[in-house]
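This is structure-v1.cif (mmCIF, C-alpha atoms).
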data_protein
#
loop_
_atom_site.label_atom_id
_atom_site.label_comp_id
_atom_site.auth_asym_id
_atom_site.auth_seq_id
_atom_site.Cartn_x
_atom_site.Cartn_y
_atom_site.Cartn_z
CA MET A 34 8.72 -8.38 1.18
CA ARG A 35 12.38 -7.41 1.30
CA LYS A 36 13.58 -4.62 3.56
CA SER A 37 14.66 -2.62 0.52
CA TYR A 38 10.96 -2.34 -0.41
CA ARG A 39 10.05 -0.73 2.92
CA VAL A 40 9.99 2.84 4.13
CA LYS A 41 11.67 2.30 7.48
CA SER A 42 13.03 5.53 8.97
CA GLU A 43 10.92 8.12 10.75
CA LYS A 44 12.48 10.79 8.53
CA ASP A 45 11.28 9.03 5.35
CA PHE A 46 7.82 8.44 6.84
CA GLN A 47 7.47 12.11 7.73
CA LEU A 48 8.71 13.24 4.31
CA VAL A 49 6.05 11.18 2.52
CA PHE A 50 3.38 12.11 5.08
CA GLU A 51 4.03 15.87 4.96
CA THR A 52 4.85 16.42 1.28
CA GLY A 53 3.08 13.54 -0.48
CA GLN A 54 -0.35 13.44 -2.07
CA SER A 55 -3.09 11.54 -0.27
CA MET A 56 -6.09 9.51 -1.33
CA ALA A 57 -8.51 7.57 0.84
CA ASN A 58 -11.42 5.17 0.93
CA LYS A 59 -13.28 3.59 3.86
CA ALA A 60 -10.50 1.18 4.75
CA PHE A 61 -7.22 2.96 3.93
CA VAL A 62 -5.48 6.30 3.55
CA LEU A 63 -2.64 6.24 1.04
CA TYR A 64 0.09 8.89 0.87
CA GLN A 65 2.48 8.84 -2.08
CA LEU A 66 5.61 10.74 -3.01
CA ASP A 67 7.31 10.43 -6.40
CA LYS A 68 11.01 9.53 -6.23
CA VAL A 69 12.84 9.82 -9.54
CA ASN A 70 15.52 7.23 -10.44
CA GLN A 71 14.48 4.79 -7.76
CA PRO A 72 14.96 1.11 -8.73
CA HIS A 73 11.64 0.00 -7.15
CA PHE A 74 8.81 1.29 -5.00
CA ARG A 75 9.01 1.49 -1.21
CA VAL A 76 6.03 1.10 1.10
CA GLY A 77 5.37 1.94 4.73
CA ILE A 78 2.47 0.35 6.60
CA SER A 79 0.78 1.80 9.66
CA VAL A 80 -1.98 0.13 11.65
CA GLY A 81 -2.72 2.13 14.78
CA LYS A 82 -4.43 1.24 18.03
CA LYS A 83 -7.68 2.81 16.80
CA VAL A 84 -7.94 -0.19 14.48
CA GLY A 85 -7.59 -2.60 17.39
CA HIS A 86 -5.96 -2.65 20.81
CA ASN A 87 -4.92 -6.24 20.23
CA ALA A 88 -1.44 -6.48 18.65
CA VAL A 89 -2.33 -9.84 17.12
CA LEU A 90 -5.15 -8.20 15.10
CA ARG A 91 -2.95 -5.29 13.99
CA ASN A 92 -0.17 -7.64 12.89
CA ARG A 93 -2.65 -9.82 10.95
CA ILE A 94 -3.84 -6.74 9.08
CA LYS A 95 -0.24 -5.73 8.31
CA ARG A 96 0.49 -9.22 6.98
CA CYS A 97 -2.60 -9.07 4.75
CA ILE A 98 -1.56 -5.66 3.40
CA ARG A 99 1.99 -6.90 2.71
CA ALA A 100 0.64 -10.01 0.96
CA ALA A 101 -1.68 -7.94 -1.23
CA ILE A 102 1.14 -5.57 -2.19
CA THR A 103 3.48 -8.50 -2.93
CA GLU A 104 0.88 -10.09 -5.22
CA ASP A 105 0.45 -6.82 -7.14
CA LYS A 106 4.04 -5.57 -7.03
CA HIS A 107 4.51 -5.99 -10.79
CA MET A 108 1.65 -3.49 -11.31
CA ILE A 109 2.92 -0.78 -8.92
CA LYS A 110 4.90 2.18 -10.23
CA LYS A 111 8.58 1.80 -9.39
CA ASP A 112 9.53 5.44 -8.80
CA VAL A 113 7.38 6.12 -5.76
CA ASP A 114 7.37 5.87 -1.96
CA PHE A 115 3.95 5.35 -0.42
CA LEU A 116 2.38 4.86 2.99
CA VAL A 117 -0.66 2.70 3.66
CA ILE A 118 -2.53 3.73 6.81
CA ALA A 119 -5.33 1.42 7.94
CA ARG A 120 -8.61 2.84 9.22
CA PRO A 121 -10.80 1.15 11.87
CA TYR A 122 -13.18 -0.13 9.15
CA VAL A 123 -10.53 -2.67 8.09
CA LYS A 124 -10.57 -4.70 11.33
CA ASP A 125 -13.63 -6.75 10.35
CA LEU A 126 -12.51 -7.51 6.78
CA ASP A 127 -11.02 -10.74 5.48
CA MET A 128 -7.95 -11.00 3.21
CA LYS A 129 -9.99 -10.80 -0.02
CA CYS A 130 -11.77 -7.59 1.06
CA ILE A 131 -8.55 -6.02 2.34
CA LYS A 132 -6.91 -6.68 -1.03
CA ALA A 133 -9.91 -5.27 -2.94
CA ASN A 134 -9.99 -2.10 -0.80
CA LEU A 135 -6.23 -1.64 -1.13
CA GLU A 136 -6.37 -2.04 -4.92
CA HIS A 137 -9.25 0.45 -5.03
CA VAL A 138 -7.34 3.18 -3.19
CA MET A 139 -4.21 2.46 -5.27
CA LYS A 140 -6.23 2.89 -8.49
CA LEU A 141 -7.71 6.15 -7.17
CA SER A 142 -4.21 7.49 -6.53
CA ASN A 143 -2.89 6.35 -9.95
CA LEU A 144 -0.29 4.18 -8.26
CA LEU A 145 -0.95 1.18 -10.49
CA ILE A 146 0.49 0.88 -13.99
CA SER A 147 -2.36 0.51 -16.46
CA ASP A 148 -0.40 -0.45 -19.58
CA ILE A 149 0.55 -3.99 -18.57
CA PRO A 150 0.44 -6.31 -21.58
CA SER A 151 -2.39 -8.81 -21.37
CA GLN A 152 -1.81 -12.54 -21.41
CA VAL A 153 -4.36 -13.24 -24.19
CA GLU A 154 -3.55 -16.00 -26.65
CA GLU A 155 -4.52 -15.56 -30.27
CA ASN A 156 -5.57 -18.53 -32.41
#

Produce structure tokens that represent the structure in this file.
Amino acid sequence: MRKSYRVKSEKDFQLVFETGQSMANKAFVLYQLDKVNQPHFRVGISVGKKVGHNAVLRNRIKRCIRAAITEDKHMIKKDVDFLVIARPYVKDLDMKCIKANLEHVMKLSNLLISDIPSQVEEN
């Protein structure tokens, strides 16, 4: 994921955290803030020490979250900044379950575009 797709500064993180809307499930908390006239979405990922004291585990979870977002980036609204905060429940999940939980919380928060044309062939 390119750096332009990331919420990097502490100021931007705090803006989304304090003024954005939140939605959660067992594995993730998602904060989102609409940004008009933005060319693409930006995401910030946070995996704290409550999830695991081992940095290797936390980095694996971050990589899985980034991979899931990259796979679904064509379905994510472009005019939004959002933060994905991992909860301790996520430490025992594999990539498939992490992706499913992330998609679930993104659907709950209406972050995914629902009117994507289907790839159905007609005979």

Evaluate the PyMOL selection byres ((chain A and resi 71) around 12) on the structure here and hand back the selected residues as a PDB file with C-alpha atoms, keeping the file's coordinate frame.
ATOM      1  CA  SER A  37      14.660  -2.620   0.520  1.00  0.00           C
ATOM      2  CA  TYR A  38      10.960  -2.340  -0.410  1.00  0.00           C
ATOM      3  CA  LEU A  66       5.610  10.740  -3.010  1.00  0.00           C
ATOM      4  CA  ASP A  67       7.310  10.430  -6.400  1.00  0.00           C
ATOM      5  CA  LYS A  68      11.010   9.530  -6.230  1.00  0.00           C
ATOM      6  CA  VAL A  69      12.840   9.820  -9.540  1.00  0.00           C
ATOM      7  CA  ASN A  70      15.520   7.230 -10.440  1.00  0.00           C
ATOM      8  CA  PRO A  72      14.960   1.110  -8.730  1.00  0.00           C
ATOM      9  CA  HIS A  73      11.640   0.000  -7.150  1.00  0.00           C
ATOM     10  CA  PHE A  74       8.810   1.290  -5.000  1.00  0.00           C
ATOM     11  CA  ARG A  75       9.010   1.490  -1.210  1.00  0.00           C
ATOM     12  CA  LYS A 110       4.900   2.180 -10.230  1.00  0.00           C
ATOM     13  CA  LYS A 111       8.580   1.800  -9.390  1.00  0.00           C
ATOM     14  CA  ASP A 112       9.530   5.440  -8.800  1.00  0.00           C
ATOM     15  CA  VAL A 113       7.380   6.120  -5.760  1.00  0.00           C
ATOM     16  CA  ASP A 114       7.370   5.870  -1.960  1.00  0.00           C
TER      17      ASP A 114
END

Assuming the chain letters and numbering stay as they are in my file, what does the PyMOL selection byres ((chain A and resi 79) around 7) actually select? List them as a PDB file with C-alpha atoms, keeping the file's coordinate frame.
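Here's the written file expr-v3.pdb:
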ATOM      1  CA  GLY A  77       5.370   1.940   4.730  1.00  0.00           C
ATOM      2  CA  ILE A  78       2.470   0.350   6.600  1.00  0.00           C
ATOM      3  CA  VAL A  80      -1.980   0.130  11.650  1.00  0.00           C
ATOM      4  CA  GLY A  81      -2.720   2.130  14.780  1.00  0.00           C
ATOM      5  CA  VAL A 117      -0.660   2.700   3.660  1.00  0.00           C
ATOM      6  CA  ILE A 118      -2.530   3.730   6.810  1.00  0.00           C
ATOM      7  CA  ALA A 119      -5.330   1.420   7.940  1.00  0.00           C
TER       8      ALA A 119
END

Subject >> Selection: 10 Å around Asp125 in chain A, all atoms listed in the file, excl. self and same-chain fewer than 2 positions, as a PyMOL selection string >> reply: chain A and resi 84+90+94+121-123+127+130-131

**OP:** Kindly indicate which residue among A:Ala88, A:Phe50, A:Lys124, A:Glu104 lies nearest to Val62 in chain A, using all atoms listed in the file for the distances.
**Re:** A:Phe50

**OP:** Would you kindly return, as a PyMOL selection string, each protein, DNA or RNA residue with an atom no farther than 10 Å from any atom of Val76 in chain A, considering all atoms listed in the file and excluding same-chain residues fewer than 5 positions away?
**Re:** chain A and resi 34+36-41+46+64-65+99+102+113-117

With all atoms listed in the file as the counted atoms, please give the residues lying no more than 9 Å from Ser142 in chain A, apart from itself and same-chain residues fewer than 6 positions off, as an mmCIF file with C-alpha atoms, in the frame of the given file.
data_model
loop_
_atom_site.group_PDB
_atom_site.id
_atom_site.type_symbol
_atom_site.label_atom_id
_atom_site.label_comp_id
_atom_site.auth_asym_id
_atom_site.auth_seq_id
_atom_site.Cartn_x
_atom_site.Cartn_y
_atom_site.Cartn_z
ATOM 1 C CA GLN A 54 -0.350 13.440 -2.070
ATOM 2 C CA SER A 55 -3.090 11.540 -0.270
ATOM 3 C CA MET A 56 -6.090 9.510 -1.330
ATOM 4 C CA ALA A 57 -8.510 7.570 0.840
ATOM 5 C CA LEU A 63 -2.640 6.240 1.040
ATOM 6 C CA TYR A 64 0.090 8.890 0.870
ATOM 7 C CA GLN A 65 2.480 8.840 -2.080
#

Original post:
Around (-8.0, -0.3, -7.3) in the file's frame, which residues reach within 12 Å when counting all atoms listed in the file? Return as a list in words?
Top reply: Met56, Ala57, Asn58, Phe61, Leu63, Ala101, Ile102, Asp105, Met108, Ile109, Cys130, Ile131, Lys132, Ala133, Asn134, Leu135, Glu136, His137, Val138, Met139, Lys140, Leu141, Ser142, Asn143, Leu144, Leu145, Ile146 and Ser147 of chain A

**OP:** Kindly give the distance, in Å, that separates CA of Lys82 in chain A and CA of Gln47 in chain A, rounded to a single decimal.
**Re:** 19.1 Å

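Put simply, CA of Lys59 in chain A is 20.8 Å away from CA of Asn87 in chain A.
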
Subject >> Computed interatomic separation between CA of Arg120 in chain A and CA of Arg93 in chain A (Å) >> reply: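 Interatomic distance, CA of Arg120 in chain A to CA of Arg93 in chain A: 14.1 Å.
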
Reconstructed range 116-147 of chain A, atom set N, CA and C atoms, as a PDB file, in the frame of the given file:
ATOM      1  N   LEU A 116       2.768   5.318   1.656  1.00  0.00           N
ATOM      2  CA  LEU A 116       2.380   4.860   2.990  1.00  0.00           C
ATOM      3  C   LEU A 116       0.947   4.360   2.927  1.00  0.00           C
ATOM      4  N   VAL A 117       0.690   3.237   3.545  1.00  0.00           N
ATOM      5  CA  VAL A 117      -0.660   2.700   3.660  1.00  0.00           C
ATOM      6  C   VAL A 117      -1.036   2.789   5.134  1.00  0.00           C
ATOM      7  N   ILE A 118      -2.076   3.560   5.426  1.00  0.00           N
ATOM      8  CA  ILE A 118      -2.530   3.730   6.810  1.00  0.00           C
ATOM      9  C   ILE A 118      -3.922   3.109   6.908  1.00  0.00           C
ATOM     10  N   ALA A 119      -4.062   2.129   7.776  1.00  0.00           N
ATOM     11  CA  ALA A 119      -5.330   1.420   7.940  1.00  0.00           C
ATOM     12  C   ALA A 119      -6.281   2.229   8.809  1.00  0.00           C
ATOM     13  N   ARG A 120      -7.557   2.210   8.423  1.00  0.00           N
ATOM     14  CA  ARG A 120      -8.610   2.840   9.220  1.00  0.00           C
ATOM     15  C   ARG A 120      -9.359   1.762  10.003  1.00  0.00           C
ATOM     16  N   PRO A 121     -10.100   2.140  11.045  1.00  0.00           N
ATOM     17  CA  PRO A 121     -10.800   1.150  11.870  1.00  0.00           C
ATOM     18  C   PRO A 121     -11.752   0.226  11.106  1.00  0.00           C
ATOM     19  N   TYR A 122     -12.273   0.672   9.979  1.00  0.00           N
ATOM     20  CA  TYR A 122     -13.180  -0.130   9.150  1.00  0.00           C
ATOM     21  C   TYR A 122     -12.550  -1.464   8.733  1.00  0.00           C
ATOM     22  N   VAL A 123     -11.229  -1.504   8.629  1.00  0.00           N
ATOM     23  CA  VAL A 123     -10.530  -2.670   8.090  1.00  0.00           C
ATOM     24  C   VAL A 123     -10.496  -3.853   9.071  1.00  0.00           C
ATOM     25  N   LYS A 124     -10.758  -3.635  10.343  1.00  0.00           N
ATOM     26  CA  LYS A 124     -10.570  -4.700  11.330  1.00  0.00           C
ATOM     27  C   LYS A 124     -11.522  -5.881  11.149  1.00  0.00           C
ATOM     28  N   ASP A 125     -12.666  -5.670  10.524  1.00  0.00           N
ATOM     29  CA  ASP A 125     -13.630  -6.750  10.350  1.00  0.00           C
ATOM     30  C   ASP A 125     -13.559  -7.402   8.971  1.00  0.00           C
ATOM     31  N   LEU A 126     -12.596  -7.002   8.144  1.00  0.00           N
ATOM     32  CA  LEU A 126     -12.510  -7.510   6.780  1.00  0.00           C
ATOM     33  C   LEU A 126     -11.605  -8.737   6.698  1.00  0.00           C
ATOM     34  N   ASP A 127     -11.897  -9.595   5.729  1.00  0.00           N
ATOM     35  CA  ASP A 127     -11.020 -10.740   5.480  1.00  0.00           C
ATOM     36  C   ASP A 127      -9.975 -10.347   4.429  1.00  0.00           C
ATOM     37  N   MET A 128      -9.071 -11.276   4.115  1.00  0.00           N
ATOM     38  CA  MET A 128      -7.950 -11.000   3.210  1.00  0.00           C
ATOM     39  C   MET A 128      -8.439 -10.519   1.836  1.00  0.00           C
ATOM     40  N   LYS A 129      -9.473 -11.157   1.313  1.00  0.00           N
ATOM     41  CA  LYS A 129      -9.990 -10.800  -0.020  1.00  0.00           C
ATOM     42  C   LYS A 129     -10.507  -9.357  -0.043  1.00  0.00           C
ATOM     43  N   CYS A 130     -11.234  -8.955   0.984  1.00  0.00           N
ATOM     44  CA  CYS A 130     -11.770  -7.590   1.060  1.00  0.00           C
ATOM     45  C   CYS A 130     -10.672  -6.563   1.298  1.00  0.00           C
ATOM     46  N   ILE A 131      -9.679  -6.922   2.109  1.00  0.00           N
ATOM     47  CA  ILE A 131      -8.550  -6.020   2.340  1.00  0.00           C
ATOM     48  C   ILE A 131      -7.829  -5.762   1.024  1.00  0.00           C
ATOM     49  N   LYS A 132      -7.593  -6.817   0.254  1.00  0.00           N
ATOM     50  CA  LYS A 132      -6.910  -6.680  -1.030  1.00  0.00           C
ATOM     51  C   LYS A 132      -7.733  -5.815  -1.993  1.00  0.00           C
ATOM     52  N   ALA A 133      -9.041  -6.047  -2.047  1.00  0.00           N
ATOM     53  CA  ALA A 133      -9.910  -5.270  -2.940  1.00  0.00           C
ATOM     54  C   ALA A 133      -9.912  -3.796  -2.557  1.00  0.00           C
ATOM     55  N   ASN A 134     -10.002  -3.493  -1.254  1.00  0.00           N
ATOM     56  CA  ASN A 134      -9.990  -2.100  -0.800  1.00  0.00           C
ATOM     57  C   ASN A 134      -8.645  -1.439  -1.065  1.00  0.00           C
ATOM     58  N   LEU A 135      -7.565  -2.184  -0.880  1.00  0.00           N
ATOM     59  CA  LEU A 135      -6.230  -1.640  -1.130  1.00  0.00           C
ATOM     60  C   LEU A 135      -6.041  -1.347  -2.615  1.00  0.00           C
ATOM     61  N   GLU A 136      -6.462  -2.274  -3.480  1.00  0.00           N
ATOM     62  CA  GLU A 136      -6.370  -2.040  -4.920  1.00  0.00           C
ATOM     63  C   GLU A 136      -7.217  -0.834  -5.335  1.00  0.00           C
ATOM     64  N   HIS A 137      -8.379  -0.684  -4.712  1.00  0.00           N
ATOM     65  CA  HIS A 137      -9.250   0.450  -5.030  1.00  0.00           C
ATOM     66  C   HIS A 137      -8.563   1.780  -4.734  1.00  0.00           C
ATOM     67  N   VAL A 138      -7.988   1.916  -3.552  1.00  0.00           N
ATOM     68  CA  VAL A 138      -7.340   3.180  -3.190  1.00  0.00           C
ATOM     69  C   VAL A 138      -6.070   3.398  -4.025  1.00  0.00           C
ATOM     70  N   MET A 139      -5.396   2.315  -4.420  1.00  0.00           N
ATOM     71  CA  MET A 139      -4.210   2.460  -5.270  1.00  0.00           C
ATOM     72  C   MET A 139      -4.602   2.912  -6.683  1.00  0.00           C
ATOM     73  N   LYS A 140      -5.737   2.436  -7.181  1.00  0.00           N
ATOM     74  CA  LYS A 140      -6.230   2.890  -8.490  1.00  0.00           C
ATOM     75  C   LYS A 140      -6.641   4.354  -8.424  1.00  0.00           C
ATOM     76  N   LEU A 141      -7.300   4.748  -7.333  1.00  0.00           N
ATOM     77  CA  LEU A 141      -7.710   6.150  -7.170  1.00  0.00           C
ATOM     78  C   LEU A 141      -6.508   7.088  -7.180  1.00  0.00           C
ATOM     79  N   SER A 142      -5.398   6.647  -6.626  1.00  0.00           N
ATOM     80  CA  SER A 142      -4.210   7.490  -6.530  1.00  0.00           C
ATOM     81  C   SER A 142      -3.272   7.336  -7.723  1.00  0.00           C
ATOM     82  N   ASN A 143      -3.703   6.582  -8.748  1.00  0.00           N
ATOM     83  CA  ASN A 143      -2.890   6.350  -9.950  1.00  0.00           C
ATOM     84  C   ASN A 143      -1.535   5.734  -9.624  1.00  0.00           C
ATOM     85  N   LEU A 144      -1.516   4.848  -8.668  1.00  0.00           N
ATOM     86  CA  LEU A 144      -0.290   4.180  -8.260  1.00  0.00           C
ATOM     87  C   LEU A 144      -0.026   2.924  -9.080  1.00  0.00           C
ATOM     88  N   LEU A 145      -1.083   2.393  -9.689  1.00  0.00           N
ATOM     89  CA  LEU A 145      -0.950   1.180 -10.490  1.00  0.00           C
ATOM     90  C   LEU A 145      -0.662   1.527 -11.947  1.00  0.00           C
ATOM     91  N   ILE A 146       0.167   0.716 -12.576  1.00  0.00           N
ATOM     92  CA  ILE A 146       0.490   0.880 -13.990  1.00  0.00           C
ATOM     93  C   ILE A 146      -0.654   0.256 -14.783  1.00  0.00           C
ATOM     94  N   SER A 147      -1.210   1.007 -15.716  1.00  0.00           N
ATOM     95  CA  SER A 147      -2.360   0.510 -16.460  1.00  0.00           C
ATOM     96  C   SER A 147      -1.988  -0.146 -17.780  1.00  0.00           C
TER      97      SER A 147
END
